[in-house]
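Undergrad: The file below is query.cif, mmCIF, C-alpha atoms:
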```
data_my_file
#
loop_
_atom_site.label_atom_id
_atom_site.label_comp_id
_atom_site.auth_asym_id
_atom_site.auth_seq_id
_atom_site.Cartn_x
_atom_site.Cartn_y
_atom_site.Cartn_z
CA MET A 26 -0.12 -57.14 -14.03
CA LYS A 27 1.76 -60.12 -12.60
CA ALA A 28 4.52 -57.83 -11.30
CA GLN A 29 1.90 -55.55 -9.73
CA SER A 30 0.27 -58.52 -7.98
CA LYS A 31 3.67 -59.60 -6.63
CA LEU A 32 4.30 -56.09 -5.30
CA TYR A 33 0.92 -56.03 -3.54
CA ALA A 34 1.66 -59.45 -2.02
CA TYR A 35 5.08 -58.34 -0.71
CA VAL A 36 3.67 -55.08 0.70
CA THR A 37 0.80 -56.99 2.37
CA ILE A 38 3.17 -59.52 3.99
CA SER A 39 5.48 -56.71 5.15
CA THR A 40 2.52 -54.76 6.59
CA ILE A 41 1.29 -57.82 8.52
CA LEU A 42 4.81 -58.25 9.95
CA LEU A 43 4.84 -54.55 10.90
CA VAL A 44 1.50 -54.92 12.75
CA ILE A 45 2.83 -57.95 14.66
CA ILE A 46 5.96 -55.99 15.68
CA ALA A 47 3.78 -53.01 16.70
CA VAL A 48 1.68 -55.24 19.02
CA TRP A 49 4.89 -56.70 20.50
CA SER A 50 6.32 -53.21 20.97
CA LEU A 51 3.11 -51.98 22.65
CA ASN A 52 3.37 -54.79 25.20
CA THR A 53 7.10 -54.23 25.85
CA GLY A 54 8.05 -52.11 28.85
CA VAL A 55 8.52 -52.05 32.61
CA TYR A 56 5.16 -50.47 33.50
CA ASP A 57 2.69 -52.86 35.22
CA PHE A 58 -0.92 -52.68 34.02
CA GLY A 59 -2.22 -54.84 36.88
CA GLY A 60 -2.17 -58.20 35.12
CA GLN A 61 -3.44 -56.85 31.80
CA SER A 62 -1.50 -56.48 28.59
CA ALA A 63 -1.06 -53.03 27.07
CA PHE A 64 -3.01 -54.25 24.03
CA GLU A 65 -5.98 -55.12 26.25
CA VAL A 66 -5.80 -51.68 27.89
CA LEU A 67 -5.75 -50.02 24.46
CA GLY A 68 -8.78 -52.08 23.42
CA LYS A 69 -10.71 -50.96 26.51
CA MET A 70 -9.73 -47.35 25.84
CA LEU A 71 -11.05 -47.52 22.28
CA ASN A 72 -14.30 -49.10 23.56
CA GLY A 73 -14.78 -46.19 26.01
CA ASN A 74 -14.13 -48.14 29.23
CA SER A 75 -14.16 -45.61 32.10
CA THR A 76 -12.67 -47.91 34.76
CA LEU A 77 -9.08 -47.51 33.53
CA SER A 78 -6.70 -45.35 35.56
CA MET A 79 -5.28 -42.16 34.09
CA SER A 80 -1.73 -43.52 34.37
CA ASP A 81 -2.65 -46.66 32.38
CA LYS A 82 -4.21 -44.53 29.65
CA TYR A 83 -1.26 -42.16 29.58
CA VAL A 84 1.37 -44.90 29.29
CA VAL A 85 -0.48 -46.81 26.57
CA TRP A 86 -1.68 -43.90 24.46
CA ASP A 87 0.63 -40.92 25.00
CA VAL A 88 3.87 -42.82 25.63
CA ARG A 89 3.90 -46.18 23.85
CA ALA A 90 1.36 -45.77 21.04
CA ALA A 91 2.64 -42.30 20.09
CA ARG A 92 6.21 -43.60 20.07
CA ILE A 93 5.31 -46.62 17.93
CA ILE A 94 3.58 -44.43 15.34
CA MET A 95 6.56 -42.05 15.28
CA ALA A 96 8.96 -44.97 14.75
CA ILE A 97 6.80 -46.20 11.86
CA LEU A 98 6.62 -42.76 10.22
CA ILE A 99 10.29 -41.80 10.66
CA GLY A 100 11.62 -45.23 9.69
CA SER A 101 9.50 -45.18 6.55
CA MET A 102 10.57 -41.68 5.49
CA LEU A 103 14.28 -42.25 6.17
CA ALA A 104 14.22 -45.46 4.11
CA VAL A 105 12.32 -43.91 1.18
CA SER A 106 14.56 -40.83 1.13
CA GLY A 107 17.67 -43.03 1.08
CA THR A 108 16.24 -45.29 -1.63
CA SER A 109 15.24 -42.39 -3.89
CA LEU A 110 18.61 -40.61 -3.48
CA GLN A 111 20.50 -43.83 -4.26
CA GLY A 112 18.38 -44.39 -7.35
CA LEU A 113 18.92 -40.80 -8.49
CA PHE A 114 22.70 -40.84 -7.95
CA LYS A 115 23.14 -44.49 -9.02
CA ASN A 116 25.23 -44.84 -5.86
CA PRO A 117 24.41 -47.33 -3.03
CA LEU A 118 26.10 -45.02 -0.49
CA ALA A 119 24.00 -41.93 -1.32
CA THR A 120 21.92 -40.94 1.70
CA GLY A 121 20.89 -37.71 3.39
CA ASP A 122 24.10 -37.97 5.42
CA LEU A 123 26.24 -37.98 2.27
CA ILE A 124 24.76 -34.89 0.62
CA GLY A 125 24.89 -32.82 3.80
CA LEU A 126 21.21 -32.75 4.80
CA THR A 127 21.68 -34.46 8.17
CA SER A 128 24.74 -32.39 9.14
CA GLY A 129 22.90 -29.16 8.26
CA ALA A 130 19.96 -30.16 10.44
CA THR A 131 22.28 -31.19 13.27
CA LEU A 132 24.27 -27.95 13.05
CA LEU A 133 21.30 -25.61 13.42
CA ALA A 134 19.88 -27.80 16.20
CA ALA A 135 23.24 -27.59 18.03
CA ILE A 136 23.34 -23.80 17.59
CA THR A 137 19.84 -23.55 19.07
CA ILE A 138 20.68 -25.82 22.03
CA VAL A 139 23.92 -23.98 22.92
CA LEU A 140 23.09 -20.38 21.97
CA GLY A 141 19.29 -20.40 22.05
CA GLY A 142 19.16 -19.00 25.58
CA HIS A 143 20.35 -15.63 24.29
CA PHE A 144 17.40 -15.07 21.94
CA LYS A 145 14.71 -17.62 22.83
CA GLN A 146 12.83 -15.25 25.17
CA TYR A 147 12.18 -12.83 22.27
CA LEU A 148 10.28 -15.48 20.30
CA PRO A 149 6.59 -16.48 20.63
CA GLU A 150 5.93 -19.19 23.21
CA ALA A 151 4.74 -21.69 20.60
CA VAL A 152 8.01 -21.26 18.69
CA GLN A 153 10.12 -21.54 21.89
CA PHE A 154 8.59 -24.94 22.62
CA SER A 155 9.71 -26.48 19.30
CA LEU A 156 12.65 -24.21 18.45
CA VAL A 157 15.20 -27.03 18.17
CA GLY A 158 12.96 -28.99 15.80
CA ILE A 159 12.24 -25.94 13.64
CA SER A 160 15.96 -25.13 13.49
CA ALA A 161 16.82 -28.70 12.41
CA PHE A 162 14.25 -28.55 9.62
CA ILE A 163 15.55 -25.16 8.39
CA GLY A 164 19.14 -26.48 8.55
CA SER A 165 18.27 -29.42 6.31
CA LEU A 166 16.57 -27.17 3.75
CA LEU A 167 19.45 -24.66 3.75
CA SER A 168 21.97 -27.47 3.24
CA MET A 169 19.93 -28.79 0.36
CA LEU A 170 19.70 -25.35 -1.27
CA LEU A 171 23.45 -24.75 -0.86
CA VAL A 172 24.43 -28.15 -2.26
CA TYR A 173 22.00 -27.75 -5.15
CA ARG A 174 23.26 -24.22 -5.90
CA ILE A 175 26.91 -25.34 -5.95
CA SER A 176 26.25 -28.36 -8.15
CA THR A 177 23.85 -26.74 -10.64
CA SER A 178 25.03 -24.79 -13.66
CA GLY A 179 23.04 -23.73 -16.70
CA GLY A 180 19.92 -25.41 -15.34
CA LYS A 181 21.66 -28.81 -15.11
CA THR A 182 22.73 -30.59 -11.93
CA ASN A 183 26.08 -32.40 -11.83
CA VAL A 184 25.60 -35.44 -9.60
CA VAL A 185 29.32 -35.86 -8.82
CA MET A 186 29.57 -32.18 -7.83
CA MET A 187 26.52 -32.61 -5.62
CA LEU A 188 28.06 -35.56 -3.77
CA LEU A 189 31.40 -33.77 -3.33
CA SER A 190 29.80 -30.54 -2.12
CA GLY A 191 27.67 -32.61 0.26
CA VAL A 192 30.80 -34.18 1.75
CA ALA A 193 32.38 -30.71 2.17
CA ILE A 194 29.28 -29.26 3.84
CA THR A 195 29.09 -32.30 6.13
CA ALA A 196 32.70 -31.74 7.23
CA ILE A 197 32.08 -28.03 7.90
CA GLY A 198 28.84 -28.73 9.74
CA PHE A 199 30.34 -31.35 12.04
CA SER A 200 33.42 -29.20 12.76
CA ILE A 201 31.21 -26.28 13.91
CA THR A 202 29.03 -28.70 15.89
CA GLY A 203 32.21 -30.03 17.53
CA PHE A 204 33.18 -26.49 18.54
CA LEU A 205 29.71 -25.93 20.02
CA ILE A 206 30.06 -29.17 22.00
CA TYR A 207 33.42 -27.90 23.29
CA ILE A 208 31.96 -24.61 24.59
CA SER A 209 28.66 -26.03 25.85
CA LYS A 210 27.66 -26.35 29.51
CA ASP A 211 26.89 -29.68 31.17
CA ASP A 212 23.13 -29.63 30.54
CA GLN A 213 23.64 -28.44 26.95
CA LEU A 214 26.26 -31.15 26.39
CA ARG A 215 23.78 -33.78 27.59
CA ASP A 216 21.10 -32.47 25.20
CA LEU A 217 23.58 -32.40 22.31
CA THR A 218 24.74 -35.94 23.03
CA PHE A 219 21.23 -37.36 23.06
CA TRP A 220 20.37 -35.33 19.95
CA ASN A 221 23.36 -36.72 18.03
CA LEU A 222 22.60 -40.29 19.13
CA GLY A 223 18.90 -40.07 18.26
CA SER A 224 15.82 -40.91 20.33
CA LEU A 225 12.05 -41.29 19.92
CA ALA A 226 11.36 -40.60 23.61
CA ALA A 227 9.89 -37.16 22.84
CA ALA A 228 7.12 -38.57 20.63
CA THR A 229 3.75 -36.79 20.79
CA TRP A 230 0.59 -37.01 18.72
CA THR A 231 1.04 -33.40 17.53
CA LYS A 232 4.44 -34.30 16.07
CA ASN A 233 2.97 -37.44 14.53
CA ILE A 234 0.27 -35.42 12.77
CA ILE A 235 2.95 -33.15 11.26
CA LEU A 236 4.96 -36.21 10.16
CA VAL A 237 1.85 -37.78 8.59
CA ILE A 238 1.23 -34.62 6.54
CA VAL A 239 4.86 -34.56 5.37
CA LEU A 240 4.72 -38.29 4.56
CA ILE A 241 1.52 -38.03 2.50
CA ILE A 242 2.79 -35.06 0.47
CA SER A 243 6.17 -36.73 -0.08
CA TYR A 244 4.83 -40.15 -1.04
CA ILE A 245 2.28 -38.76 -3.51
CA ILE A 246 5.25 -37.29 -5.40
CA LEU A 247 7.96 -39.93 -4.80
CA LEU A 248 6.37 -43.39 -4.81
CA PRO A 249 5.24 -43.27 -8.47
CA LYS A 250 8.87 -42.51 -9.50
CA GLY A 251 9.99 -46.16 -9.50
CA LYS A 252 9.95 -46.55 -13.29
CA ALA A 253 11.67 -43.17 -13.75
CA LEU A 254 14.46 -44.25 -11.39
CA ASN A 255 14.78 -47.53 -13.32
CA ALA A 256 15.27 -45.45 -16.47
CA MET A 257 17.89 -43.33 -14.68
CA MET A 258 19.94 -46.49 -14.12
CA LEU A 259 20.55 -46.52 -17.90
CA GLY A 260 22.05 -43.02 -17.77
CA GLU A 261 20.60 -39.52 -18.04
CA LYS A 262 20.65 -39.36 -21.85
CA ASP A 263 18.88 -42.70 -22.24
CA ALA A 264 16.34 -41.66 -19.60
CA GLN A 265 15.63 -38.47 -21.57
CA HIS A 266 15.11 -40.52 -24.73
CA LEU A 267 12.54 -42.57 -22.82
CA GLY A 268 10.60 -39.39 -22.04
CA ILE A 269 11.88 -38.73 -18.50
CA ASN A 270 12.32 -35.07 -17.54
CA VAL A 271 15.64 -35.67 -15.78
CA GLU A 272 16.15 -32.18 -14.32
CA ARG A 273 12.62 -32.06 -12.95
CA LEU A 274 13.07 -35.53 -11.44
CA LYS A 275 16.32 -34.43 -9.74
CA LYS A 276 14.69 -31.32 -8.25
CA GLN A 277 11.67 -33.25 -6.98
CA ILE A 278 13.70 -36.02 -5.32
CA ILE A 279 16.23 -33.66 -3.73
CA ILE A 280 13.60 -31.25 -2.35
CA ILE A 281 11.31 -34.02 -1.06
CA ALA A 282 14.26 -35.91 0.46
CA ALA A 283 15.32 -32.73 2.28
CA LEU A 284 11.76 -32.22 3.52
CA MET A 285 11.53 -35.77 4.87
CA ILE A 286 15.02 -35.88 6.42
CA GLY A 287 14.63 -32.41 7.95
CA SER A 288 11.30 -33.39 9.51
CA CYS A 289 12.70 -36.64 10.90
CA VAL A 290 15.84 -35.05 12.36
CA ALA A 291 13.69 -32.25 13.82
CA PHE A 292 11.68 -34.71 15.93
CA SER A 293 14.08 -37.57 16.64
CA GLY A 294 17.63 -36.25 16.36
CA THR A 295 20.21 -37.99 14.20
CA ILE A 296 19.27 -41.60 13.38
CA GLY A 297 21.76 -42.87 10.84
CA PHE A 298 21.97 -45.80 8.43
CA VAL A 299 18.22 -46.53 8.03
CA GLY A 300 18.37 -45.08 4.51
CA LEU A 301 21.40 -47.28 3.81
CA ILE A 302 20.34 -50.62 5.35
CA VAL A 303 16.84 -50.95 3.88
CA PRO A 304 17.66 -50.23 0.19
CA TYR A 305 20.71 -52.51 0.38
CA ILE A 306 18.67 -55.48 1.66
CA LEU A 307 15.88 -54.86 -0.87
CA ARG A 308 18.38 -54.63 -3.74
CA LEU A 309 19.69 -58.08 -2.77
CA LEU A 310 16.14 -59.40 -3.19
CA PHE A 311 14.89 -57.38 -6.17
CA LYS A 312 18.12 -56.25 -7.90
CA SER A 313 17.70 -52.57 -8.78
CA ASN A 314 14.01 -52.59 -9.69
CA TYR A 315 12.87 -49.37 -8.03
CA ALA A 316 9.25 -50.03 -8.95
CA PHE A 317 9.48 -52.72 -6.23
CA ILE A 318 12.16 -51.25 -3.96
CA LEU A 319 10.62 -47.80 -3.48
CA PRO A 320 7.17 -48.82 -2.12
CA LEU A 321 8.62 -51.75 -0.16
CA SER A 322 11.22 -49.51 1.50
CA ALA A 323 8.34 -47.46 2.95
CA VAL A 324 7.16 -50.49 4.95
CA CYS A 325 10.55 -52.13 5.61
CA GLY A 326 11.99 -48.88 6.98
CA SER A 327 9.17 -48.82 9.53
CA ILE A 328 9.87 -52.46 10.46
CA LEU A 329 13.58 -51.76 10.96
CA LEU A 330 13.23 -48.62 13.09
CA LEU A 331 10.32 -49.94 15.20
CA THR A 332 12.28 -53.13 15.95
CA ALA A 333 15.41 -51.14 16.82
CA ASP A 334 13.44 -48.74 19.05
CA THR A 335 11.72 -51.59 20.91
CA PHE A 336 15.11 -53.17 21.63
CA SER A 337 16.58 -49.78 22.59
CA ARG A 338 14.06 -49.33 25.42
CA SER A 339 14.11 -52.95 26.61
CA ILE A 340 17.80 -53.97 26.51
CA ALA A 341 18.80 -51.81 29.48
CA ALA A 342 15.34 -51.29 31.05
CA PRO A 343 14.25 -49.14 32.85
CA SER A 344 16.82 -46.83 31.20
CA GLU A 345 16.89 -46.32 27.44
CA LEU A 346 19.68 -46.96 24.96
CA PRO A 347 19.85 -44.24 22.26
CA ILE A 348 18.42 -45.70 19.07
CA GLY A 349 21.19 -44.21 16.91
CA ILE A 350 23.66 -46.60 18.58
CA LEU A 351 21.66 -49.64 17.45
CA THR A 352 21.10 -48.42 13.88
CA ALA A 353 24.82 -47.58 13.58
CA LEU A 354 25.67 -51.05 14.91
CA MET A 355 23.46 -52.60 12.21
CA GLY A 356 24.49 -50.20 9.47
CA GLY A 357 28.27 -50.38 9.97
CA PRO A 358 28.69 -53.98 8.74
CA ILE A 359 26.38 -53.30 5.78
CA PHE A 360 28.40 -50.21 4.89
CA ILE A 361 31.57 -52.37 4.90
CA ALA A 362 29.79 -55.04 2.81
CA ILE A 363 28.88 -52.44 0.18
CA LEU A 364 32.50 -51.24 0.05
CA VAL A 365 33.83 -54.83 -0.28
CA LYS A 366 31.35 -55.54 -3.08
CA PHE A 367 32.38 -52.31 -4.83
CA LYS A 368 36.06 -53.25 -4.48
CA LYS A 369 35.42 -56.65 -6.07
CA SER A 370 33.60 -55.03 -8.99
CA LEU A 371 36.68 -52.86 -9.67
CA SER A 372 39.12 -55.80 -9.66
#
```
Using the file provided, produce a representation of the structure as structure tokens.
TA:
Amino acid sequence: MKAQSKLYAYVTISTILLVIIAVWSLNTGVYDFGGQSAFEVLGKMLNGNSTLSMSDKYVVWDVRAARIIMAILIGSMLAVSGTSLQGLFKNPLATGDLIGLTSGATLLAAITIVLGGHFKQYLPEAVQFSLVGISAFIGSLLSMLLVYRISTSGGKTNVVMMLLSGVAITAIGFSITGFLIYISKDDQLRDLTFWNLGSLAAATWTKNIILVIVLIISYIILLPKGKALNAMMLGEKDAQHLGINVERLKKQIIIIAALMIGSCVAFSGTIGFVGLIVPYILRLLFKSNYAFILPLSAVCGSILLLTADTFSRSIAAPSELPIGILTALMGGPIFIAILVKFKKSLS
């Protein structure tokens, strides 16, 4: 009960911090609201004030608020997917990037951007509008199925084989993507570059609704798995003795992680290292207690990505710095720190 109270306290504090950052982000930007803050404009909108201009409403609601909510949703899902995969594989470097999910999503998105003009006109208009996003989601799922098929034998999944096959698929995916970049035209190259660097500039409320549905389904299944992941730290045999259905747990985490990563890449492009940074920091605070780390990563991932996105659109205002550059800049040193720590443990 005491541990549960502590968890609630940490989640509450983190949520309050997230709200403060969201208010700061809402008020950050080059648009002038005529002496008002964006938060005041939003308050008037919610109270039904009819004196506001259409441009004020559009900037606050459809641009900034939609983008803030997308940053919260995507940051949360990337962090939880990374945390759950690391707990499953007992490896602090295990993320969607490592098992090939991100490269699969990127590959199909690149194919659609470069070659989509040859077949896009034959598809329904609704599909044409979001074809790149749909392709990225399918690419993530196909990568997951391929990795799982290679690494599973006799109904049992070999974790080492899964990691190695993920690395191989990542190499193949990025090599084909590189070839597509080589043959692409100038406008396609620009789209591919921004896709690979990641951006939340295309946020809409329709996309946010889809992300909310994916998040709710995923979290209902994943967030209660903290104790099961703690048992997995003892080894698969010991976890089975404690009553954990190991194979079912593996399937659930891998499928849900693919669903979350595919959805995020579909709407924001490639945003790396969020699933690496957040679990690493939380493990420093709570060791490897996934009953704490898993729910906290849901909030801390949102804090990290929303902060990074706010800086990305204010550092070089009025232009925007791709968010993937900032997350890579933060994640690189942490990646090196994990490797140094691992090296020390071997010596």
Undergrad: Please provide as a list in words all residues within 8 Å of range 270-280 of chain A, with the sequence filter that same-chain residues fewer than 3 positions apart are discarded (counting all atoms listed in the file).
TA: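 Here the qualifying residues turn out to be Ser109, Leu110, Leu113, Leu166, Met169, Gly180, Lys181, Thr182, Ile246, Leu247, Glu261, Ala264, Gln265, Ala283 and Leu284 of chain A.
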Undergrad: To one decimal place in Å, what is the distance between CA of Ile302 in chain A and CA of Ser224 in chain A?
TA: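 The value is 18.4 Å.
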Undergrad: Given the choices A:Gly268, A:Pro320, A:Gly297, A:Gly260, which gets closest to Leu248 in chain A if the distance is worked out from only C-alpha atoms?
TA: A:Pro320
Undergrad: For range 71-84 of chain A, find every residue with an atom within 12 Å (counting only C-alpha atoms), except residues of its own chain fewer than 2 positions away, and show them as an mmCIF file with C-alpha atoms, in the coordinates of the input.
TA:
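Now in around-v9.cif:
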```cif
data_model
loop_
_atom_site.group_PDB
_atom_site.id
_atom_site.type_symbol
_atom_site.label_atom_id
_atom_site.label_comp_id
_atom_site.auth_asym_id
_atom_site.auth_seq_id
_atom_site.Cartn_x
_atom_site.Cartn_y
_atom_site.Cartn_z
ATOM 1 C CA LEU A 51 3.110 -51.980 22.650
ATOM 2 C CA ASN A 52 3.370 -54.790 25.200
ATOM 3 C CA THR A 53 7.100 -54.230 25.850
ATOM 4 C CA GLY A 54 8.050 -52.110 28.850
ATOM 5 C CA VAL A 55 8.520 -52.050 32.610
ATOM 6 C CA TYR A 56 5.160 -50.470 33.500
ATOM 7 C CA ASP A 57 2.690 -52.860 35.220
ATOM 8 C CA PHE A 58 -0.920 -52.680 34.020
ATOM 9 C CA GLY A 59 -2.220 -54.840 36.880
ATOM 10 C CA GLY A 60 -2.170 -58.200 35.120
ATOM 11 C CA GLN A 61 -3.440 -56.850 31.800
ATOM 12 C CA SER A 62 -1.500 -56.480 28.590
ATOM 13 C CA ALA A 63 -1.060 -53.030 27.070
ATOM 14 C CA PHE A 64 -3.010 -54.250 24.030
ATOM 15 C CA GLU A 65 -5.980 -55.120 26.250
ATOM 16 C CA VAL A 66 -5.800 -51.680 27.890
ATOM 17 C CA LEU A 67 -5.750 -50.020 24.460
ATOM 18 C CA GLY A 68 -8.780 -52.080 23.420
ATOM 19 C CA LYS A 69 -10.710 -50.960 26.510
ATOM 20 C CA TRP A 86 -1.680 -43.900 24.460
ATOM 21 C CA ASP A 87 0.630 -40.920 25.000
ATOM 22 C CA VAL A 88 3.870 -42.820 25.630
ATOM 23 C CA ARG A 89 3.900 -46.180 23.850
ATOM 24 C CA ALA A 90 1.360 -45.770 21.040
ATOM 25 C CA ALA A 91 2.640 -42.300 20.090
ATOM 26 C CA ARG A 92 6.210 -43.600 20.070
ATOM 27 C CA THR A 229 3.750 -36.790 20.790
#
```
Undergrad: Taking the file as shown, find all residues satisfying the PyMOL selection byres ((chain A and resi 108) around 10) and write them as JSON, numbers by chain.
TA: {"A": [102, 103, 104, 105, 106, 107, 109, 110, 111, 112, 113, 116, 117, 118, 119, 120, 254, 282, 299, 300, 301, 302, 303, 304, 305, 307, 308, 315, 318, 319, 320, 322, 323]}
Undergrad: I want to know what sits within 8 Å of Gly287 in chain A, based on all atoms listed in the file, with residues of the same chain fewer than 6 positions away left out; could you give that as an NGL selection string?
TA: :A and (126-127 or 130 or 161-166)
Undergrad: Go through A:Thr40, A:Gln29, A:Ser50, A:Ser190 and flag the residue nearest Ser337 in chain A, using all atoms listed in the file for the distances.
TA: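 Looking at the shortest contact to Ser337 in chain A, the residue is A:Ser50.
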Undergrad: One decimal, in Å: what's the spacing between CA of Phe219 in chain A and CA of Gly142 in chain A?
TA: 18.6 Å
Undergrad: Kindly indicate which residue among A:Ile269, A:Val324, A:Pro358, A:Ala353 lies nearest to Val44 in chain A, using all atoms listed in the file for the distances.
TA: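 Closest to Val44 in chain A of all the choices is A:Val324.
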